[in-house]
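S.K.: start.cif is reproduced in full below (mmCIF, C-alpha atoms).
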```cif
data_coords
#
loop_
_atom_site.group_PDB
_atom_site.id
_atom_site.type_symbol
_atom_site.label_atom_id
_atom_site.label_comp_id
_atom_site.auth_asym_id
_atom_site.auth_seq_id
_atom_site.Cartn_x
_atom_site.Cartn_y
_atom_site.Cartn_z
ATOM 1 C CA ASP I 127 -66.952 31.033 -63.170
ATOM 2 C CA PRO I 128 -64.558 33.465 -61.389
ATOM 3 C CA ASN I 129 -67.501 35.584 -60.192
ATOM 4 C CA VAL I 130 -68.835 32.616 -58.249
ATOM 5 C CA LYS I 131 -65.408 31.646 -56.922
ATOM 6 C CA PHE I 132 -64.664 35.156 -55.647
ATOM 7 C CA ALA I 133 -68.106 35.431 -54.070
ATOM 8 C CA GLU I 134 -67.533 32.124 -52.248
ATOM 9 C CA ASP I 135 -64.217 33.279 -50.860
ATOM 10 C CA PRO I 136 -63.041 36.880 -51.501
ATOM 11 C CA ILE I 137 -59.542 35.975 -50.307
ATOM 12 C CA ARG I 138 -59.135 34.293 -53.699
ATOM 13 C CA LEU I 139 -58.868 37.786 -55.177
ATOM 14 C CA ILE I 140 -55.561 38.222 -53.323
ATOM 15 C CA ARG I 141 -54.339 34.734 -54.122
ATOM 16 C CA VAL I 142 -54.865 35.104 -57.870
ATOM 17 C CA ILE I 143 -52.715 38.235 -57.846
ATOM 18 C CA ARG I 144 -50.019 36.530 -55.773
ATOM 19 C CA HIS I 145 -49.820 33.488 -58.018
ATOM 20 C CA ALA I 146 -49.699 35.661 -61.144
ATOM 21 C CA ALA I 147 -46.913 37.817 -59.686
ATOM 22 C CA ARG I 148 -44.831 34.915 -58.426
ATOM 23 C CA ALA I 149 -45.260 32.665 -61.464
ATOM 24 C CA GLY I 150 -45.139 35.494 -63.974
ATOM 25 C CA PHE I 151 -48.257 34.451 -65.851
ATOM 26 C CA GLN I 152 -50.926 36.662 -67.389
ATOM 27 C CA ILE I 153 -54.317 36.501 -65.681
ATOM 28 C CA GLU I 154 -56.891 35.521 -68.278
ATOM 29 C CA GLU I 155 -59.168 38.278 -69.485
ATOM 30 C CA SER I 156 -62.402 36.947 -67.958
ATOM 31 C CA CYS I 157 -60.709 36.650 -64.586
ATOM 32 C CA GLN I 158 -59.280 40.173 -64.872
ATOM 33 C CA THR I 159 -62.747 41.527 -65.577
ATOM 34 C CA SER I 160 -64.102 39.635 -62.583
ATOM 35 C CA ILE I 161 -61.420 41.028 -60.270
ATOM 36 C CA PHE I 162 -62.295 44.591 -61.264
ATOM 37 C CA LYS I 163 -65.990 43.824 -60.880
ATOM 38 C CA ASN I 164 -65.757 42.046 -57.516
ATOM 39 C CA GLY I 165 -62.904 43.870 -55.816
ATOM 40 C CA GLU I 166 -65.158 45.329 -53.136
ATOM 41 C CA LEU I 167 -65.927 41.784 -51.953
ATOM 42 C CA ILE I 168 -62.599 41.844 -50.156
ATOM 43 C CA LEU I 169 -64.301 44.005 -47.528
ATOM 44 C CA LYS I 170 -66.457 40.997 -46.629
ATOM 45 C CA ALA I 171 -63.465 38.748 -46.002
ATOM 46 C CA SER I 172 -62.288 37.904 -42.498
ATOM 47 C CA GLN I 173 -59.924 40.691 -41.478
ATOM 48 C CA VAL I 174 -57.689 38.197 -39.710
ATOM 49 C CA ARG I 175 -57.435 36.032 -42.841
ATOM 50 C CA LEU I 176 -56.805 39.115 -44.973
ATOM 51 C CA PHE I 177 -53.932 40.197 -42.745
ATOM 52 C CA GLU I 178 -52.416 36.706 -42.910
ATOM 53 C CA GLU I 179 -52.619 36.742 -46.728
ATOM 54 C CA ILE I 180 -50.962 40.160 -46.933
ATOM 55 C CA LYS I 181 -48.275 38.978 -44.538
ATOM 56 C CA LYS I 182 -47.580 36.047 -46.891
ATOM 57 C CA ASP I 183 -47.235 38.495 -49.759
ATOM 58 C CA LEU I 184 -44.800 40.649 -47.789
ATOM 59 C CA CYS I 185 -42.687 37.576 -47.004
ATOM 60 C CA SER I 186 -42.508 36.431 -50.629
ATOM 61 C CA SER I 187 -39.794 37.212 -53.166
ATOM 62 C CA ALA I 188 -42.258 39.163 -55.325
ATOM 63 C CA ARG I 189 -43.395 41.854 -52.869
ATOM 64 C CA LEU I 190 -43.048 44.770 -55.242
ATOM 65 C CA LYS I 191 -44.795 43.076 -58.156
ATOM 66 C CA ILE I 192 -47.622 41.828 -55.932
ATOM 67 C CA LEU I 193 -48.260 45.266 -54.426
ATOM 68 C CA ARG I 194 -48.189 46.905 -57.840
ATOM 69 C CA LEU I 195 -50.620 44.337 -59.285
ATOM 70 C CA LEU I 196 -52.924 44.763 -56.295
ATOM 71 C CA GLY I 197 -52.871 48.478 -57.045
ATOM 72 C CA GLU I 198 -53.458 48.025 -60.779
ATOM 73 C CA PHE I 199 -56.469 45.794 -60.134
ATOM 74 C CA GLY I 200 -57.945 48.234 -57.624
ATOM 75 C CA LEU I 201 -57.605 45.981 -54.580
ATOM 76 C CA LEU I 202 -54.902 47.806 -52.653
ATOM 77 C CA LYS I 203 -57.210 50.721 -51.860
ATOM 78 C CA TYR I 204 -59.337 48.476 -49.641
ATOM 79 C CA PHE I 205 -56.603 47.491 -47.160
ATOM 80 C CA LEU I 206 -53.468 49.573 -47.880
ATOM 81 C CA PRO I 207 -54.864 52.833 -49.300
ATOM 82 C CA GLU I 208 -51.782 54.664 -47.975
ATOM 83 C CA LEU I 209 -49.835 53.175 -50.884
ATOM 84 C CA THR I 210 -52.285 54.354 -53.542
ATOM 85 C CA GLY I 211 -52.174 58.107 -53.002
ATOM 86 C CA ASN I 212 -50.764 60.406 -55.675
ATOM 87 C CA ASP I 213 -51.559 57.860 -58.386
ATOM 88 C CA GLY I 214 -49.663 55.130 -56.608
ATOM 89 C CA GLY I 215 -46.637 57.368 -56.101
ATOM 90 C CA LEU I 216 -45.102 55.297 -53.298
ATOM 91 C CA LEU I 217 -44.879 52.264 -55.602
ATOM 92 C CA SER I 218 -43.723 54.190 -58.674
ATOM 93 C CA GLU I 219 -40.238 53.935 -60.117
ATOM 94 C CA ARG I 220 -39.455 57.456 -58.942
ATOM 95 C CA ASN I 221 -39.979 56.570 -55.276
ATOM 96 C CA ALA I 222 -37.191 54.888 -53.342
ATOM 97 C CA LEU I 223 -39.688 52.519 -51.716
ATOM 98 C CA SER I 224 -39.825 50.581 -54.988
ATOM 99 C CA ALA I 225 -36.057 50.160 -54.970
ATOM 100 C CA CYS I 226 -36.146 49.103 -51.307
ATOM 101 C CA LEU I 227 -38.817 46.458 -51.964
ATOM 102 C CA ALA I 228 -36.941 45.233 -55.039
ATOM 103 C CA ARG I 229 -33.837 44.928 -52.877
ATOM 104 C CA ALA I 230 -35.796 42.907 -50.298
ATOM 105 C CA ASP I 231 -37.107 40.646 -53.062
ATOM 106 C CA GLU I 232 -33.566 39.982 -54.240
ATOM 107 C CA PHE I 233 -32.406 39.141 -50.709
ATOM 108 C CA THR I 234 -35.281 36.655 -50.375
ATOM 109 C CA ARG I 235 -34.471 35.041 -53.726
ATOM 110 C CA GLU I 236 -30.925 34.594 -52.426
ATOM 111 C CA GLY I 237 -32.362 32.537 -49.573
ATOM 112 C CA HIS I 238 -32.423 35.120 -46.793
ATOM 113 C CA GLU I 239 -35.440 35.348 -44.511
ATOM 114 C CA ILE I 240 -36.777 38.832 -43.865
ATOM 115 C CA SER I 241 -39.478 39.140 -41.230
ATOM 116 C CA PRO I 242 -42.812 40.804 -42.016
ATOM 117 C CA THR I 243 -41.982 43.322 -39.260
ATOM 118 C CA VAL I 244 -39.097 44.606 -41.386
ATOM 119 C CA ILE I 245 -41.308 45.097 -44.441
ATOM 120 C CA PHE I 246 -44.167 46.669 -42.482
ATOM 121 C CA SER I 247 -41.614 48.998 -40.873
ATOM 122 C CA LEU I 248 -40.235 49.876 -44.296
ATOM 123 C CA LEU I 249 -43.731 50.707 -45.537
ATOM 124 C CA ALA I 250 -44.484 52.701 -42.388
ATOM 125 C CA ILE I 251 -41.325 54.784 -42.772
ATOM 126 C CA PHE I 252 -42.255 55.839 -46.297
ATOM 127 C CA ILE I 253 -45.971 56.250 -45.540
ATOM 128 C CA THR I 254 -45.386 58.516 -42.545
ATOM 129 C CA SER I 255 -42.611 60.568 -44.120
ATOM 130 C CA GLN I 256 -44.122 60.838 -47.645
ATOM 131 C CA ARG I 257 -40.618 61.322 -49.046
ATOM 132 C CA LEU I 258 -39.278 60.101 -52.377
ATOM 133 C CA THR I 259 -35.678 59.308 -51.463
ATOM 134 C CA VAL I 260 -33.905 57.657 -48.539
ATOM 135 C CA PRO I 261 -31.883 60.808 -47.642
ATOM 136 C CA GLU I 262 -35.135 62.817 -47.593
ATOM 137 C CA LEU I 263 -36.911 60.382 -45.313
ATOM 138 C CA LYS I 264 -33.900 60.260 -42.973
ATOM 139 C CA GLU I 265 -34.102 64.021 -42.646
ATOM 140 C CA ALA I 266 -37.853 63.798 -42.076
ATOM 141 C CA PHE I 267 -37.374 61.344 -39.219
ATOM 142 C CA PHE I 268 -34.771 63.568 -37.613
ATOM 143 C CA GLU I 269 -37.496 66.209 -37.409
ATOM 144 C CA MET I 270 -40.278 63.830 -36.353
ATOM 145 C CA ARG I 271 -40.991 63.687 -32.641
ATOM 146 C CA SER I 272 -44.167 61.586 -32.518
ATOM 147 C CA PHE I 273 -43.665 58.503 -34.655
ATOM 148 C CA PRO I 274 -46.013 56.278 -32.585
ATOM 149 C CA GLU I 275 -48.768 58.831 -33.145
ATOM 150 C CA GLU I 276 -47.951 59.019 -36.845
ATOM 151 C CA LEU I 277 -48.033 55.234 -37.044
ATOM 152 C CA GLN I 278 -51.611 55.213 -35.797
ATOM 153 C CA ASP I 279 -52.529 56.818 -39.115
ATOM 154 C CA SER I 280 -50.881 53.972 -41.039
ATOM 155 C CA PHE I 281 -52.432 50.581 -41.802
ATOM 156 C CA THR I 282 -55.828 51.834 -40.608
ATOM 157 C CA HIS I 283 -57.651 49.525 -43.048
ATOM 158 C CA LEU I 284 -55.615 46.457 -42.146
ATOM 159 C CA ALA I 285 -56.205 44.419 -38.989
ATOM 160 C CA LEU I 286 -52.638 44.785 -37.803
ATOM 161 C CA PRO I 287 -52.272 42.901 -34.486
ATOM 162 C CA ARG I 288 -51.325 45.078 -31.539
ATOM 163 C CA LYS I 289 -48.120 43.120 -30.945
ATOM 164 C CA GLU I 290 -47.062 43.556 -34.569
ATOM 165 C CA ARG I 291 -47.755 47.286 -34.400
ATOM 166 C CA GLN I 292 -45.626 47.477 -31.254
ATOM 167 C CA ARG I 293 -42.785 45.591 -32.966
ATOM 168 C CA ILE I 294 -42.918 48.057 -35.851
ATOM 169 C CA GLU I 295 -42.762 51.014 -33.457
ATOM 170 C CA ASP I 296 -39.838 49.467 -31.571
ATOM 171 C CA LEU I 297 -37.895 48.661 -34.741
ATOM 172 C CA VAL I 298 -38.354 52.095 -36.285
ATOM 173 C CA PHE I 299 -37.444 53.724 -32.972
ATOM 174 C CA LEU I 300 -34.228 51.684 -32.931
ATOM 175 C CA TRP I 301 -33.527 52.705 -36.532
ATOM 176 C CA THR I 302 -34.011 56.402 -35.727
ATOM 177 C CA ARG I 303 -31.777 55.983 -32.677
ATOM 178 C CA VAL I 304 -28.986 54.652 -34.883
ATOM 179 C CA LEU I 305 -29.591 57.425 -37.432
ATOM 180 C CA GLY I 306 -29.415 60.132 -34.796
ATOM 181 C CA THR I 307 -26.352 58.864 -32.944
ATOM 182 C CA PRO I 308 -22.783 59.423 -34.164
ATOM 183 C CA ALA I 309 -21.042 56.097 -34.788
ATOM 184 C CA GLU I 310 -18.451 56.768 -32.077
ATOM 185 C CA ARG I 311 -21.201 57.197 -29.482
ATOM 186 C CA LEU I 312 -23.083 54.005 -30.283
ATOM 187 C CA LYS I 313 -22.611 51.172 -27.814
ATOM 188 C CA PRO I 314 -22.233 47.942 -29.811
ATOM 189 C CA GLY I 315 -22.812 45.873 -26.700
ATOM 190 C CA SER I 316 -26.177 47.496 -26.108
ATOM 191 C CA LEU I 317 -27.264 47.008 -29.716
ATOM 192 C CA GLY I 318 -26.008 43.455 -29.655
ATOM 193 C CA ARG I 319 -28.379 42.646 -26.815
ATOM 194 C CA ASN I 320 -31.335 44.233 -28.580
ATOM 195 C CA ARG I 321 -33.829 41.624 -29.763
ATOM 196 C CA TYR I 322 -34.496 43.694 -32.887
ATOM 197 C CA LEU I 323 -30.865 43.843 -34.012
ATOM 198 C CA GLN I 324 -31.286 41.311 -36.830
ATOM 199 C CA ASP I 325 -34.419 43.068 -38.059
ATOM 200 C CA LEU I 326 -32.579 46.405 -37.846
ATOM 201 C CA ILE I 327 -29.777 45.070 -40.041
ATOM 202 C CA TRP I 328 -32.253 43.866 -42.661
ATOM 203 C CA LEU I 329 -34.199 47.122 -42.528
ATOM 204 C CA MET I 330 -31.011 49.064 -43.156
ATOM 205 C CA ARG I 331 -29.960 46.725 -45.949
ATOM 206 C CA CYS I 332 -33.346 47.133 -47.633
ATOM 207 C CA LEU I 333 -32.921 50.903 -47.325
ATOM 208 C CA GLY I 334 -29.549 50.584 -48.992
ATOM 209 C CA GLN I 335 -27.631 51.574 -45.891
ATOM 210 C CA ASP I 336 -24.327 49.928 -45.054
ATOM 211 C CA GLN I 337 -25.126 47.363 -42.357
ATOM 212 C CA SER I 338 -21.911 48.365 -40.592
ATOM 213 C CA GLU I 339 -23.839 51.494 -39.595
ATOM 214 C CA ALA I 340 -25.764 49.219 -37.228
#
```
Show me, as structure tokens, the structure contained in the file I just sent.

M.R.:
Amino acid sequence: DPNVKFAEDPIRLIRVIRHAARAGFQIEESCQTSIFKNGELILKASQVRLFEEIKKDLCSSARLKILRLLGEFGLLKYFLPELTGNDGGLLSERNALSACLARADEFTREGHEISPTVIFSLLAIFITSQRLTVPELKEAFFEMRSFPEELQDSFTHLALPRKERQRIEDLVFLWTRVLGTPAERLKPGSLGRNRYLQDLIWLMRCLGQDQSEA
């Protein structure tokens, strides 16, 4: 009985979605009904375990499909409500975030490892800017002067560890630094010593930017 299973461990709600997305199978009707019925149980799950499960999802090669399924089954609103606004606009085909996540999925299927910091940073960039296209969000970040403060309004329902939040801030700051600096004024040696350089390259690749810009 899925109702009993989900009550025993609400994290199973997330795992069913992940397995369905990754394996491409249809969740049986009784289980679908149970997910809709018991979705709120996820609030009773350990917040640390929930974060670890979401991190697994964001490291998989089916990120976009998982997030969309979590939204369709009404689970996303409990831990990433920022992605559900405007009828799930950030995950719709018309938003560039979908293309960025699809690009990340393809890189992972090719055997590349993309850190969760890169994906959380990608989400944070779109959440804080609320823009549909990459050029629009670039322009928004040129005008933004308080990203750390803006970030505090992101992931408020997810137990994001302080160190991870700091890594996200540092990576996005580095990205905005590259965006706002003419190529001839960048110091390759300085970037080369930056511990976030590899993550920066993957962030830019997911955004569809030429990695030579980094």

S.K.: Residues of segment 207-297 of chain I that approach segment 163-169 of chain I to 12 Å or less, counting only C-alpha atoms: could you list each one with the shortest pair of atoms and its distance in Å to one decimal, rows by chain and increasing residue number, as a tab-separated table?

M.R.:
```
residue	atom	partner	partner_atom	distance
I:His283	CA	I:Leu169	CA	9.7
I:Leu284	CA	I:Leu169	CA	10.5
I:Ala285	CA	I:Leu169	CA	11.8
```

S.K.: Any chance you could resolve the PyMOL selection byres ((chain I and resi 233) around 12) against this file and give the residues as a list in words?

M.R.: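 Checked against the file, the PyMOL selection byres ((chain I and resi 233) around 12) matches Cys185, Ser186, Ser187, Ala188, Arg189, Cys226, Leu227, Ala228, Arg229, Ala230, Asp231, Glu232, Thr234, Arg235, Glu236, Gly237, His238, Glu239, Ile240, Ser241, Trp328, Leu329, Arg331, Cys332 and Gly334 of chain I.
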
S.K.: So the first atom is atom CA of Phe162 of chain I and the second is atom CA of Gly200 of chain I; what is the distance between them in Å, to one decimal place?

M.R.: 6.7 Å

S.K.: Using all atoms listed in the file, find the one residue out of I:Leu263, I:Val244, I:Ile161, I:Ala250 that sits nearest to Leu305 of chain I.

M.R.: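 For Leu305 of chain I, the nearest of the given residues is I:Leu263.
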
S.K.: If you count only C-alpha atoms, which residues fall within 10 Å of Val174 of chain I, apart from same-chain ones fewer than 3 positions away, as a ChimeraX atom specification?

M.R.: /I:171,177-179,284-287

S.K.: Measure the distance from atom CA of Trp301 of chain I to atom CA of Leu333 of chain I in Å and round it to one decimal.

M.R.: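 Answer for the atom CA of Trp301 of chain I to atom CA of Leu333 of chain I separation: 11.0 Å.
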
S.K.: Which neighbours of segment 127-129 of chain I fall inside 6 Å, counting all atoms listed in the file, when residues of the same chain fewer than 3 positions from it are skipped, and could you give them as a ChimeraX atom specification?

M.R.: /I:132,157,160

S.K.: What would the file look like if the residues just selected were written as a compact mmCIF listing (two decimals), keeping the file's coordinate frame with C-alpha atoms?

M.R.:
```txt
# COMPACT_ATOMS: atom_id res chain seq x y z
CA PHE I 132 -64.66 35.16 -55.65
CA CYS I 157 -60.71 36.65 -64.59
CA SER I 160 -64.10 39.64 -62.58
```

S.K.: Looking at all atoms listed in the file, which of I:Val260, I:Lys170, I:Glu265, I:Ile143 is the one that sits closest to Tyr204 of chain I?

M.R.: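 Nearest to Tyr204 of chain I: I:Lys170.
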